[in-house]
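Source file: start.cif; contents: mmCIF, C-alpha atoms.
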data_model
loop_
_atom_site.group_PDB
_atom_site.id
_atom_site.type_symbol
_atom_site.label_atom_id
_atom_site.label_comp_id
_atom_site.auth_asym_id
_atom_site.auth_seq_id
_atom_site.Cartn_x
_atom_site.Cartn_y
_atom_site.Cartn_z
ATOM 1 C CA MET A 182 -0.872 1.664 -9.259
ATOM 2 C CA LYS A 183 -4.061 2.089 -7.277
ATOM 3 C CA GLY A 184 -3.455 5.815 -6.799
ATOM 4 C CA ASP A 185 -3.160 6.969 -3.222
ATOM 5 C CA HIS A 186 -5.033 4.014 -1.854
ATOM 6 C CA ILE A 187 -3.102 1.840 0.578
ATOM 7 C CA GLY A 188 -4.254 -1.217 2.470
ATOM 8 C CA GLU A 189 -4.514 -1.622 6.217
ATOM 9 C CA PHE A 190 -1.159 -3.367 6.553
ATOM 10 C CA GLU A 191 0.574 -0.781 4.387
ATOM 11 C CA GLU A 192 -0.952 1.964 6.499
ATOM 12 C CA LEU A 193 0.428 0.291 9.622
ATOM 13 C CA MET A 194 3.871 0.075 8.005
ATOM 14 C CA LEU A 195 3.737 3.717 6.923
ATOM 15 C CA LEU A 196 2.724 4.820 10.411
ATOM 16 C CA ALA A 197 5.508 2.720 11.948
ATOM 17 C CA VAL A 198 8.066 4.295 9.612
ATOM 18 C CA GLN A 199 6.763 7.716 10.596
ATOM 19 C CA ALA A 200 6.879 6.843 14.299
ATOM 20 C CA LEU A 201 10.383 5.397 14.153
ATOM 21 C CA GLY A 202 11.733 8.263 12.086
ATOM 22 C CA SER A 203 12.556 10.222 15.218
ATOM 23 C CA GLN A 204 14.471 7.313 16.784
ATOM 24 C CA PRO A 205 18.279 7.380 16.529
ATOM 25 C CA GLU A 206 18.440 4.041 14.669
ATOM 26 C CA GLY A 207 15.629 5.015 12.314
ATOM 27 C CA ALA A 208 13.016 2.792 10.739
ATOM 28 C CA TYR A 209 14.349 -0.459 9.296
ATOM 29 C CA GLY A 210 13.017 -3.989 8.873
ATOM 30 C CA VAL A 211 13.510 -5.282 12.415
ATOM 31 C CA SER A 212 12.461 -2.109 14.250
ATOM 32 C CA ILE A 213 9.301 -1.797 12.115
ATOM 33 C CA LEU A 214 8.472 -5.482 12.640
ATOM 34 C CA LEU A 215 8.900 -5.290 16.415
ATOM 35 C CA LEU A 216 6.894 -2.076 16.748
ATOM 36 C CA VAL A 217 3.945 -3.300 14.688
ATOM 37 C CA GLN A 218 4.005 -6.717 16.384
ATOM 38 C CA HIS A 219 4.000 -5.049 19.794
ATOM 39 C CA GLU A 220 1.210 -2.598 19.009
ATOM 40 C CA THR A 221 -1.080 -4.969 17.118
ATOM 41 C CA ALA A 222 -0.256 -8.245 18.939
ATOM 42 C CA ARG A 223 -0.109 -9.864 15.500
ATOM 43 C CA ASN A 224 2.444 -12.396 14.379
ATOM 44 C CA ILE A 225 4.129 -10.770 11.397
ATOM 45 C CA SER A 226 6.957 -12.173 9.321
ATOM 46 C CA ILE A 227 9.867 -10.073 8.134
ATOM 47 C CA GLY A 228 9.037 -11.071 4.547
ATOM 48 C CA ALA A 229 5.608 -9.420 4.857
ATOM 49 C CA VAL A 230 7.310 -6.254 6.137
ATOM 50 C CA TYR A 231 9.715 -6.220 3.170
ATOM 51 C CA ALA A 232 6.862 -6.760 0.704
ATOM 52 C CA ALA A 233 4.763 -3.939 2.178
ATOM 53 C CA LEU A 234 7.745 -1.568 2.287
ATOM 54 C CA ASP A 235 8.578 -2.413 -1.336
ATOM 55 C CA ARG A 236 5.019 -1.560 -2.364
ATOM 56 C CA LEU A 237 5.133 1.695 -0.415
ATOM 57 C CA GLU A 238 8.442 2.568 -2.053
ATOM 58 C CA ALA A 239 6.992 1.800 -5.486
ATOM 59 C CA LYS A 240 4.130 4.203 -4.671
ATOM 60 C CA THR A 241 6.773 6.801 -3.639
ATOM 61 C CA LEU A 242 5.325 7.021 -0.147
ATOM 62 C CA VAL A 243 8.617 6.018 1.491
ATOM 63 C CA ARG A 244 12.228 6.189 0.402
ATOM 64 C CA SER A 245 15.074 3.984 1.558
ATOM 65 C CA ALA A 246 18.807 4.321 2.045
ATOM 66 C CA MET A 247 21.484 1.869 3.102
ATOM 67 C CA THR A 248 23.300 2.605 6.356
ATOM 68 C CA SER A 249 26.270 1.003 8.041
ATOM 69 C CA GLY A 250 25.944 -2.274 9.905
ATOM 70 C CA ALA A 251 26.200 -3.090 13.596
ATOM 71 C CA PRO A 252 28.023 -5.909 15.420
ATOM 72 C CA VAL A 253 24.713 -7.571 16.351
ATOM 73 C CA ARG A 254 23.987 -7.815 12.610
ATOM 74 C CA GLY A 255 27.370 -9.334 11.864
ATOM 75 C CA GLY A 256 28.454 -6.019 10.355
ATOM 76 C CA ARG A 257 25.762 -6.193 7.691
ATOM 77 C CA SER A 258 24.173 -2.992 6.465
ATOM 78 C CA ARG A 259 20.565 -2.032 7.135
ATOM 79 C CA ARG A 260 18.035 -0.327 4.908
ATOM 80 C CA THR A 261 16.411 2.582 6.688
ATOM 81 C CA PHE A 262 13.133 4.063 5.512
ATOM 82 C CA THR A 263 11.760 7.593 5.728
ATOM 83 C CA VAL A 264 8.306 8.831 4.838
ATOM 84 C CA THR A 265 8.201 11.140 1.820
ATOM 85 C CA ALA A 266 6.072 14.281 1.609
ATOM 86 C CA GLU A 267 3.595 12.291 -0.459
ATOM 87 C CA GLY A 268 3.489 9.615 2.260
ATOM 88 C CA THR A 269 2.800 12.214 4.937
ATOM 89 C CA ARG A 270 -0.018 13.644 2.825
ATOM 90 C CA VAL A 271 -1.578 10.185 2.376
ATOM 91 C CA LEU A 272 -1.336 9.483 6.112
ATOM 92 C CA LYS A 273 -3.019 12.767 6.980
ATOM 93 C CA GLU A 274 -5.714 12.137 4.413
ATOM 94 C CA MET A 275 -6.426 8.659 5.784
ATOM 95 C CA ARG A 276 -6.565 10.017 9.318
ATOM 96 C CA GLY A 277 -8.995 12.710 8.178
ATOM 97 C CA VAL A 278 -11.215 10.100 6.512
ATOM 98 C CA ARG A 279 -11.268 7.999 9.653
ATOM 99 C CA GLU A 280 -12.026 10.936 11.919
ATOM 100 C CA ARG A 281 -14.889 12.083 9.702
ATOM 101 C CA LEU A 282 -16.308 8.561 9.671
ATOM 102 C CA TRP A 283 -16.010 8.252 13.448
ATOM 103 C CA GLN A 284 -17.846 11.553 13.869
ATOM 104 C CA ALA A 285 -20.549 10.324 11.533
ATOM 105 C CA ALA A 286 -20.894 7.080 13.470
ATOM 106 C CA PRO A 287 -20.668 7.804 17.189
ATOM 107 C CA MET A 288 -20.356 4.758 19.392
ATOM 108 C CA ARG A 289 -23.460 3.918 21.344
ATOM 109 C CA PRO A 290 -23.237 1.979 24.612
ATOM 110 C CA ALA A 291 -23.509 -1.728 23.898
ATOM 111 C CA ARG A 292 -26.745 -3.389 24.917
ATOM 112 C CA GLY A 293 -26.298 -6.337 27.255
ATOM 113 C CA ARG A 294 -28.338 -9.479 26.846
ATOM 114 C CA SER A 295 -30.934 -9.921 29.549
ATOM 115 C CA MET B 140 30.380 -10.687 16.000
ATOM 116 C CA SER B 141 27.237 -12.781 16.102
ATOM 117 C CA ASP B 142 26.997 -16.462 15.148
ATOM 118 C CA PRO B 143 26.294 -17.078 11.480
ATOM 119 C CA LEU B 144 22.823 -18.035 10.386
ATOM 120 C CA PRO B 145 21.989 -21.749 10.014
ATOM 121 C CA ARG B 146 23.090 -23.240 6.709
ATOM 122 C CA LEU B 147 19.528 -23.834 5.492
ATOM 123 C CA ALA B 148 18.585 -20.215 6.207
ATOM 124 C CA ARG B 149 21.604 -18.997 4.223
ATOM 125 C CA LEU B 150 20.652 -21.266 1.325
ATOM 126 C CA VAL B 151 17.075 -19.925 1.302
ATOM 127 C CA ILE B 152 18.422 -16.355 1.293
ATOM 128 C CA ARG B 153 20.799 -17.177 -1.552
ATOM 129 C CA TRP B 154 18.039 -18.740 -3.655
ATOM 130 C CA CYS B 155 15.180 -16.399 -2.896
ATOM 131 C CA VAL B 156 16.605 -12.949 -2.194
ATOM 132 C CA ARG B 157 18.132 -10.622 -4.757
ATOM 133 C CA LYS B 158 21.877 -10.218 -4.365
ATOM 134 C CA ALA B 159 21.572 -6.507 -3.633
ATOM 135 C CA ARG B 160 19.340 -7.216 -0.642
ATOM 136 C CA ARG B 161 20.987 -10.302 0.839
ATOM 137 C CA ALA B 162 23.161 -8.398 3.334
ATOM 138 C CA GLU B 163 20.141 -6.474 4.600
ATOM 139 C CA VAL B 164 18.037 -9.631 5.015
ATOM 140 C CA GLU B 165 20.847 -11.580 6.691
ATOM 141 C CA GLY B 166 21.493 -8.667 9.046
ATOM 142 C CA ASP B 167 17.811 -8.410 9.967
ATOM 143 C CA LEU B 168 17.576 -12.162 10.641
ATOM 144 C CA LEU B 169 20.757 -12.085 12.748
ATOM 145 C CA GLU B 170 19.363 -9.185 14.746
ATOM 146 C CA LEU B 171 16.024 -10.955 15.218
ATOM 147 C CA ARG B 172 17.810 -14.074 16.406
ATOM 148 C CA SER B 173 19.870 -12.058 18.885
ATOM 149 C CA LEU B 174 16.514 -10.878 20.310
ATOM 150 C CA GLU B 175 15.519 -14.570 20.706
ATOM 151 C CA HIS B 176 12.872 -14.133 18.048
ATOM 152 C CA PRO B 177 12.204 -17.453 16.232
ATOM 153 C CA ILE B 178 13.413 -16.869 12.676
ATOM 154 C CA TRP B 179 12.270 -20.016 10.837
ATOM 155 C CA ARG B 180 8.865 -18.609 9.997
ATOM 156 C CA ASP B 181 10.588 -15.513 8.619
ATOM 157 C CA VAL B 182 12.991 -17.627 6.596
ATOM 158 C CA LEU B 183 10.081 -19.625 5.116
ATOM 159 C CA ALA B 184 8.295 -16.371 4.321
ATOM 160 C CA LEU B 185 11.213 -15.352 2.108
ATOM 161 C CA ILE B 186 10.398 -18.132 -0.348
ATOM 162 C CA PRO B 187 8.473 -16.433 -3.157
ATOM 163 C CA VAL B 188 5.059 -17.909 -3.856
ATOM 164 C CA ARG B 189 4.560 -16.258 -7.233
ATOM 165 C CA ARG B 190 7.397 -18.012 -9.028
ATOM 166 C CA PRO B 191 5.493 -21.158 -10.156
ATOM 167 C CA SER B 192 2.455 -19.188 -11.366
ATOM 168 C CA ARG B 193 3.363 -19.794 -15.026
ATOM 169 C CA MET B 194 2.739 -23.499 -14.595
ATOM 170 C CA LEU B 195 -0.633 -25.035 -15.356
ATOM 171 C CA VAL B 196 -1.103 -25.903 -11.697
ATOM 172 C CA GLY B 197 0.464 -22.614 -10.628
ATOM 173 C CA GLN B 198 -2.411 -21.494 -8.438
ATOM 174 C CA ASP B 199 -2.542 -24.802 -6.585
ATOM 175 C CA VAL B 200 1.216 -24.740 -5.962
ATOM 176 C CA GLN B 201 0.943 -21.118 -4.875
ATOM 177 C CA TYR B 202 -1.848 -21.953 -2.448
ATOM 178 C CA ALA B 203 0.015 -24.983 -1.080
ATOM 179 C CA LEU B 204 3.190 -22.967 -0.511
ATOM 180 C CA ARG B 205 1.209 -20.259 1.213
ATOM 181 C CA LEU B 206 -0.357 -22.818 3.570
ATOM 182 C CA VAL B 207 3.044 -24.378 4.288
ATOM 183 C CA ARG B 208 4.392 -20.956 5.160
ATOM 184 C CA ARG B 209 1.424 -20.164 7.349
ATOM 185 C CA GLN B 210 1.303 -23.489 9.201
ATOM 186 C CA PRO B 211 4.757 -25.095 8.998
ATOM 187 C CA ARG B 212 4.093 -27.486 11.907
ATOM 188 C CA PHE B 213 0.966 -28.882 10.292
ATOM 189 C CA ALA B 214 2.829 -29.210 6.990
ATOM 190 C CA LEU B 215 5.587 -31.113 8.791
ATOM 191 C CA LEU B 216 2.986 -33.413 10.378
ATOM 192 C CA VAL B 217 1.416 -34.137 6.992
ATOM 193 C CA ALA B 218 4.812 -34.757 5.401
ATOM 194 C CA GLY B 219 5.763 -37.079 8.291
ATOM 195 C CA THR B 220 2.519 -39.038 7.942
ATOM 196 C CA LEU B 221 3.080 -39.406 4.214
ATOM 197 C CA ALA B 222 6.682 -40.490 4.790
ATOM 198 C CA LEU B 223 5.596 -43.113 7.343
ATOM 199 C CA GLY B 224 2.915 -44.453 4.992
ATOM 200 C CA ILE B 225 5.279 -44.658 2.027
ATOM 201 C CA ALA B 226 8.021 -46.260 4.150
ATOM 202 C CA SER B 227 5.709 -48.947 5.576
ATOM 203 C CA SER B 228 4.323 -49.768 2.102
ATOM 204 C CA THR B 229 7.886 -50.039 0.775
ATOM 205 C CA VAL B 230 8.908 -52.385 3.609
ATOM 206 C CA ILE B 231 5.877 -54.640 3.085
ATOM 207 C CA PHE B 232 6.425 -54.770 -0.675
ATOM 208 C CA THR B 233 10.157 -55.500 -0.250
ATOM 209 C CA VAL B 234 9.457 -58.386 2.139
ATOM 210 C CA CYS B 235 6.751 -59.827 -0.166
ATOM 211 C CA ASP B 236 9.029 -59.437 -3.180
ATOM 212 C CA ARG B 237 11.927 -61.264 -1.539
ATOM 213 C CA LEU B 238 9.839 -64.048 -0.006
ATOM 214 C CA LEU B 239 7.040 -64.628 -2.507
ATOM 215 C CA LEU B 240 7.750 -63.110 -5.919
ATOM 216 C CA ARG B 241 11.465 -63.659 -6.625
ATOM 217 C CA PRO B 242 12.589 -67.184 -7.699
ATOM 218 C CA LEU B 243 14.237 -69.400 -5.111
ATOM 219 C CA PRO B 244 18.054 -69.369 -5.045
ATOM 220 C CA TYR B 245 18.509 -72.695 -6.897
ATOM 221 C CA PRO B 246 19.679 -73.382 -10.446
ATOM 222 C CA GLU B 247 16.741 -73.540 -12.892
ATOM 223 C CA PRO B 248 14.181 -72.525 -10.276
ATOM 224 C CA GLU B 249 11.355 -72.854 -12.804
ATOM 225 C CA ARG B 250 11.816 -76.651 -12.662
ATOM 226 C CA LEU B 251 11.158 -76.814 -8.930
ATOM 227 C CA VAL B 252 7.950 -78.484 -7.879
ATOM 228 C CA THR B 253 6.343 -78.907 -4.514
ATOM 229 C CA LEU B 254 5.164 -82.347 -3.451
ATOM 230 C CA ASP B 255 2.381 -82.318 -0.957
ATOM 231 C CA ARG B 256 0.884 -85.015 1.231
ATOM 232 C CA VAL B 257 3.708 -87.468 0.666
ATOM 233 C CA GLY B 258 3.801 -88.482 4.276
ATOM 234 C CA PHE B 259 2.616 -87.745 7.718
ATOM 235 C CA SER B 260 5.958 -86.289 8.779
ATOM 236 C CA PHE B 261 8.886 -84.770 6.931
ATOM 237 C CA ALA B 262 11.037 -87.776 7.781
ATOM 238 C CA GLY B 263 8.375 -90.159 6.466
ATOM 239 C CA GLY B 264 7.963 -88.120 3.295
ATOM 240 C CA ARG B 265 11.711 -88.239 2.615
ATOM 241 C CA ARG B 266 11.723 -92.021 3.048
ATOM 242 C CA ARG B 267 8.835 -92.365 0.600
ATOM 243 C CA LEU B 268 10.540 -90.077 -1.917
ATOM 244 C CA ARG B 269 13.698 -92.156 -1.730
ATOM 245 C CA ARG B 270 11.660 -95.303 -2.194
ATOM 246 C CA CYS B 271 9.748 -94.082 -5.234
ATOM 247 C CA ARG B 272 12.951 -93.290 -7.264
ATOM 248 C CA CYS B 273 10.959 -91.454 -9.851
ATOM 249 C CA SER B 274 13.159 -90.781 -12.866
ATOM 250 C CA ARG B 275 11.493 -87.486 -13.639
ATOM 251 C CA LEU B 276 12.701 -85.935 -10.425
ATOM 252 C CA SER B 277 16.341 -84.939 -10.641
ATOM 253 C CA GLY B 278 16.675 -84.142 -6.967
ATOM 254 C CA CYS B 279 14.917 -83.870 -3.676
ATOM 255 C CA ILE B 280 15.085 -81.135 -1.093
ATOM 256 C CA THR B 281 13.564 -81.795 2.278
ATOM 257 C CA PRO B 282 13.868 -79.816 5.461
ATOM 258 C CA ALA B 283 16.548 -81.038 7.830
ATOM 259 C CA ALA B 284 15.108 -83.568 10.283
#

Could I get this structure in the form of structure tokens?
Amino acid sequence: MKGDHIGEFEELMLLAVQALGSQPEGAYGVSILLLVQHETARNISIGAVYAALDRLEAKTLVRSAMTSGAPVRGGRSRRTFTVTAEGTRVLKEMRGVRERLWQAAPMRPARGRS
Amino acid sequence: MSDPLPRLARLVIRWCVRKARRAEVEGDLLELRSLEHPIWRDVLALIPVRRPSRMLVGQDVQYALRLVRRQPRFALLVAGTLALGIASSTVIFTVCDRLLLRPLPYPEPERLVTLDRVGFSFAGGRRRLRRCRCSRLSGCITPAA
């Protein structure tokens, strides 16, 4: 394991799980996929979502549980994810790193070509 | 209840997804399809690319599968071009084999000979052949006049 380090895509997945945690249906494959696709305008496959969530679960940053199915899913169960305390700590740490870096590198107005 | 997934998608799930997770994956794909989300790219993405890595050409196969997953339309175009090329070569070879390489449908075809320049016309050539009565020729085939 690479310690607490997570990649950009894993960070997106972790944030999506955190964001969807307050929703009634929770964070599961389809809801995470749709949220990240909508927010990043990237074409993401469900397989990539599963792989990233598996890695996050192996790093104990998320935990999963099976819940009952819905008619739209043909009665099939869904795996819902929640962020663990460790995951929340990693997210806060990454946010802190980014904020410190942004403060160290303030954006200057772009120079136009004349 | 929603419509079942296409047969090919179910086969991919059966081959590539662990049994414990099949219901979850099928449910997610059904839900995506109900949202009119194209699922074929997702189905292709379920095919693991690490499985052939033990082979000598594992990395090449891995890379090829990854490209197929990323650009399925281009892969289909390449496969179609290859199929067309192979099919046309097969047709040409089959025609040449039947017309030029295989023996003619006569008994003892190795004894057949072709006589050339025996006459100005086919009819004239047949008359000359009949006249010559060569004992070494056991028969004569000429095109119908």

Test item: residues at most 8 Å from segment 226-240 of chain A, only C-alpha atoms, excluding those fewer than 3 positions along its chain, as JSON, numbers by chain: {"A": [182, 185, 190, 191, 194, 195, 210, 211, 213, 214, 243, 244, 245], "B": [180, 181, 182, 184, 185]}

For the selection just defined, write its residues with C-alpha atoms to a file, as a CSV table (one decimal), keeping the file's coordinate frame.
chain,number,residue,atom,x,y,z
A,182,MET,CA,-0.9,1.7,-9.3
A,185,ASP,CA,-3.2,7.0,-3.2
A,190,PHE,CA,-1.2,-3.4,6.6
A,191,GLU,CA,0.6,-0.8,4.4
A,194,MET,CA,3.9,0.1,8.0
A,195,LEU,CA,3.7,3.7,6.9
A,210,GLY,CA,13.0,-4.0,8.9
A,211,VAL,CA,13.5,-5.3,12.4
A,213,ILE,CA,9.3,-1.8,12.1
A,214,LEU,CA,8.5,-5.5,12.6
A,243,VAL,CA,8.6,6.0,1.5
A,244,ARG,CA,12.2,6.2,0.4
A,245,SER,CA,15.1,4.0,1.6
B,180,ARG,CA,8.9,-18.6,10.0
B,181,ASP,CA,10.6,-15.5,8.6
B,182,VAL,CA,13.0,-17.6,6.6
B,184,ALA,CA,8.3,-16.4,4.3
B,185,LEU,CA,11.2,-15.4,2.1

Around segment 208-215 of chain A, fit a box with edges along x, y and z, padding it by 5 Å on each side, then list its centre and edge lengths in Å to one decimal as AutoDock Vina command-line options.
--center_x 11.4 --center_y -1.3 --center_z 12.6 --size_x 15.9 --size_y 18.3 --size_z 17.5

Contact residues (chain B, partner chain A, 6 Å, all atoms listed in the file) as a PyMOL selection string: chain B and resi 140-141+162-163+166-167+169-170+181+184-185

d(atom CA of Leu206 of chain B, atom CA of Trp179 of chain B) in Å: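 That distance, rounded to one decimal, is 14.8 Å.
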
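Taking atom CA of Leu223 of chain B as the reference point, atom CA of Leu238 of chain B is found at 22.6 Å.
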
Between atom CA of Ser277 of chain B and atom CA of Val252 of chain B, distance in Å (one decimal):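 According to the coordinates, atom CA of Ser277 of chain B and atom CA of Val252 of chain B are separated by 10.9 Å.
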
A:Gln284, A:Gln199, A:Thr221, A:Gln204 ranked by distance to Thr265 of chain A, top pick (using only C-alpha atoms):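 Answer, going by the shortest atom-to-atom distance: A:Gln199.
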
Return as a compact mmCIF listing (two decimals) with C-alpha atoms, in the frame of the given file the set of residues that the PyMOL selection byres ((chain A and resi 271) around 12) yields on the displayed structure.
# COMPACT_ATOMS: atom_id res chain seq x y z
CA GLY A 184 -3.46 5.82 -6.80
CA ASP A 185 -3.16 6.97 -3.22
CA HIS A 186 -5.03 4.01 -1.85
CA ILE A 187 -3.10 1.84 0.58
CA GLY A 188 -4.25 -1.22 2.47
CA GLU A 191 0.57 -0.78 4.39
CA GLU A 192 -0.95 1.96 6.50
CA LEU A 195 3.74 3.72 6.92
CA LEU A 196 2.72 4.82 10.41
CA GLN A 199 6.76 7.72 10.60
CA LEU A 237 5.13 1.70 -0.42
CA LYS A 240 4.13 4.20 -4.67
CA THR A 241 6.77 6.80 -3.64
CA LEU A 242 5.32 7.02 -0.15
CA VAL A 243 8.62 6.02 1.49
CA VAL A 264 8.31 8.83 4.84
CA THR A 265 8.20 11.14 1.82
CA ALA A 266 6.07 14.28 1.61
CA GLU A 267 3.60 12.29 -0.46
CA GLY A 268 3.49 9.62 2.26
CA THR A 269 2.80 12.21 4.94
CA ARG A 270 -0.02 13.64 2.82
CA LEU A 272 -1.34 9.48 6.11
CA LYS A 273 -3.02 12.77 6.98
CA GLU A 274 -5.71 12.14 4.41
CA MET A 275 -6.43 8.66 5.78
CA ARG A 276 -6.56 10.02 9.32
CA GLY A 277 -8.99 12.71 8.18
CA VAL A 278 -11.22 10.10 6.51
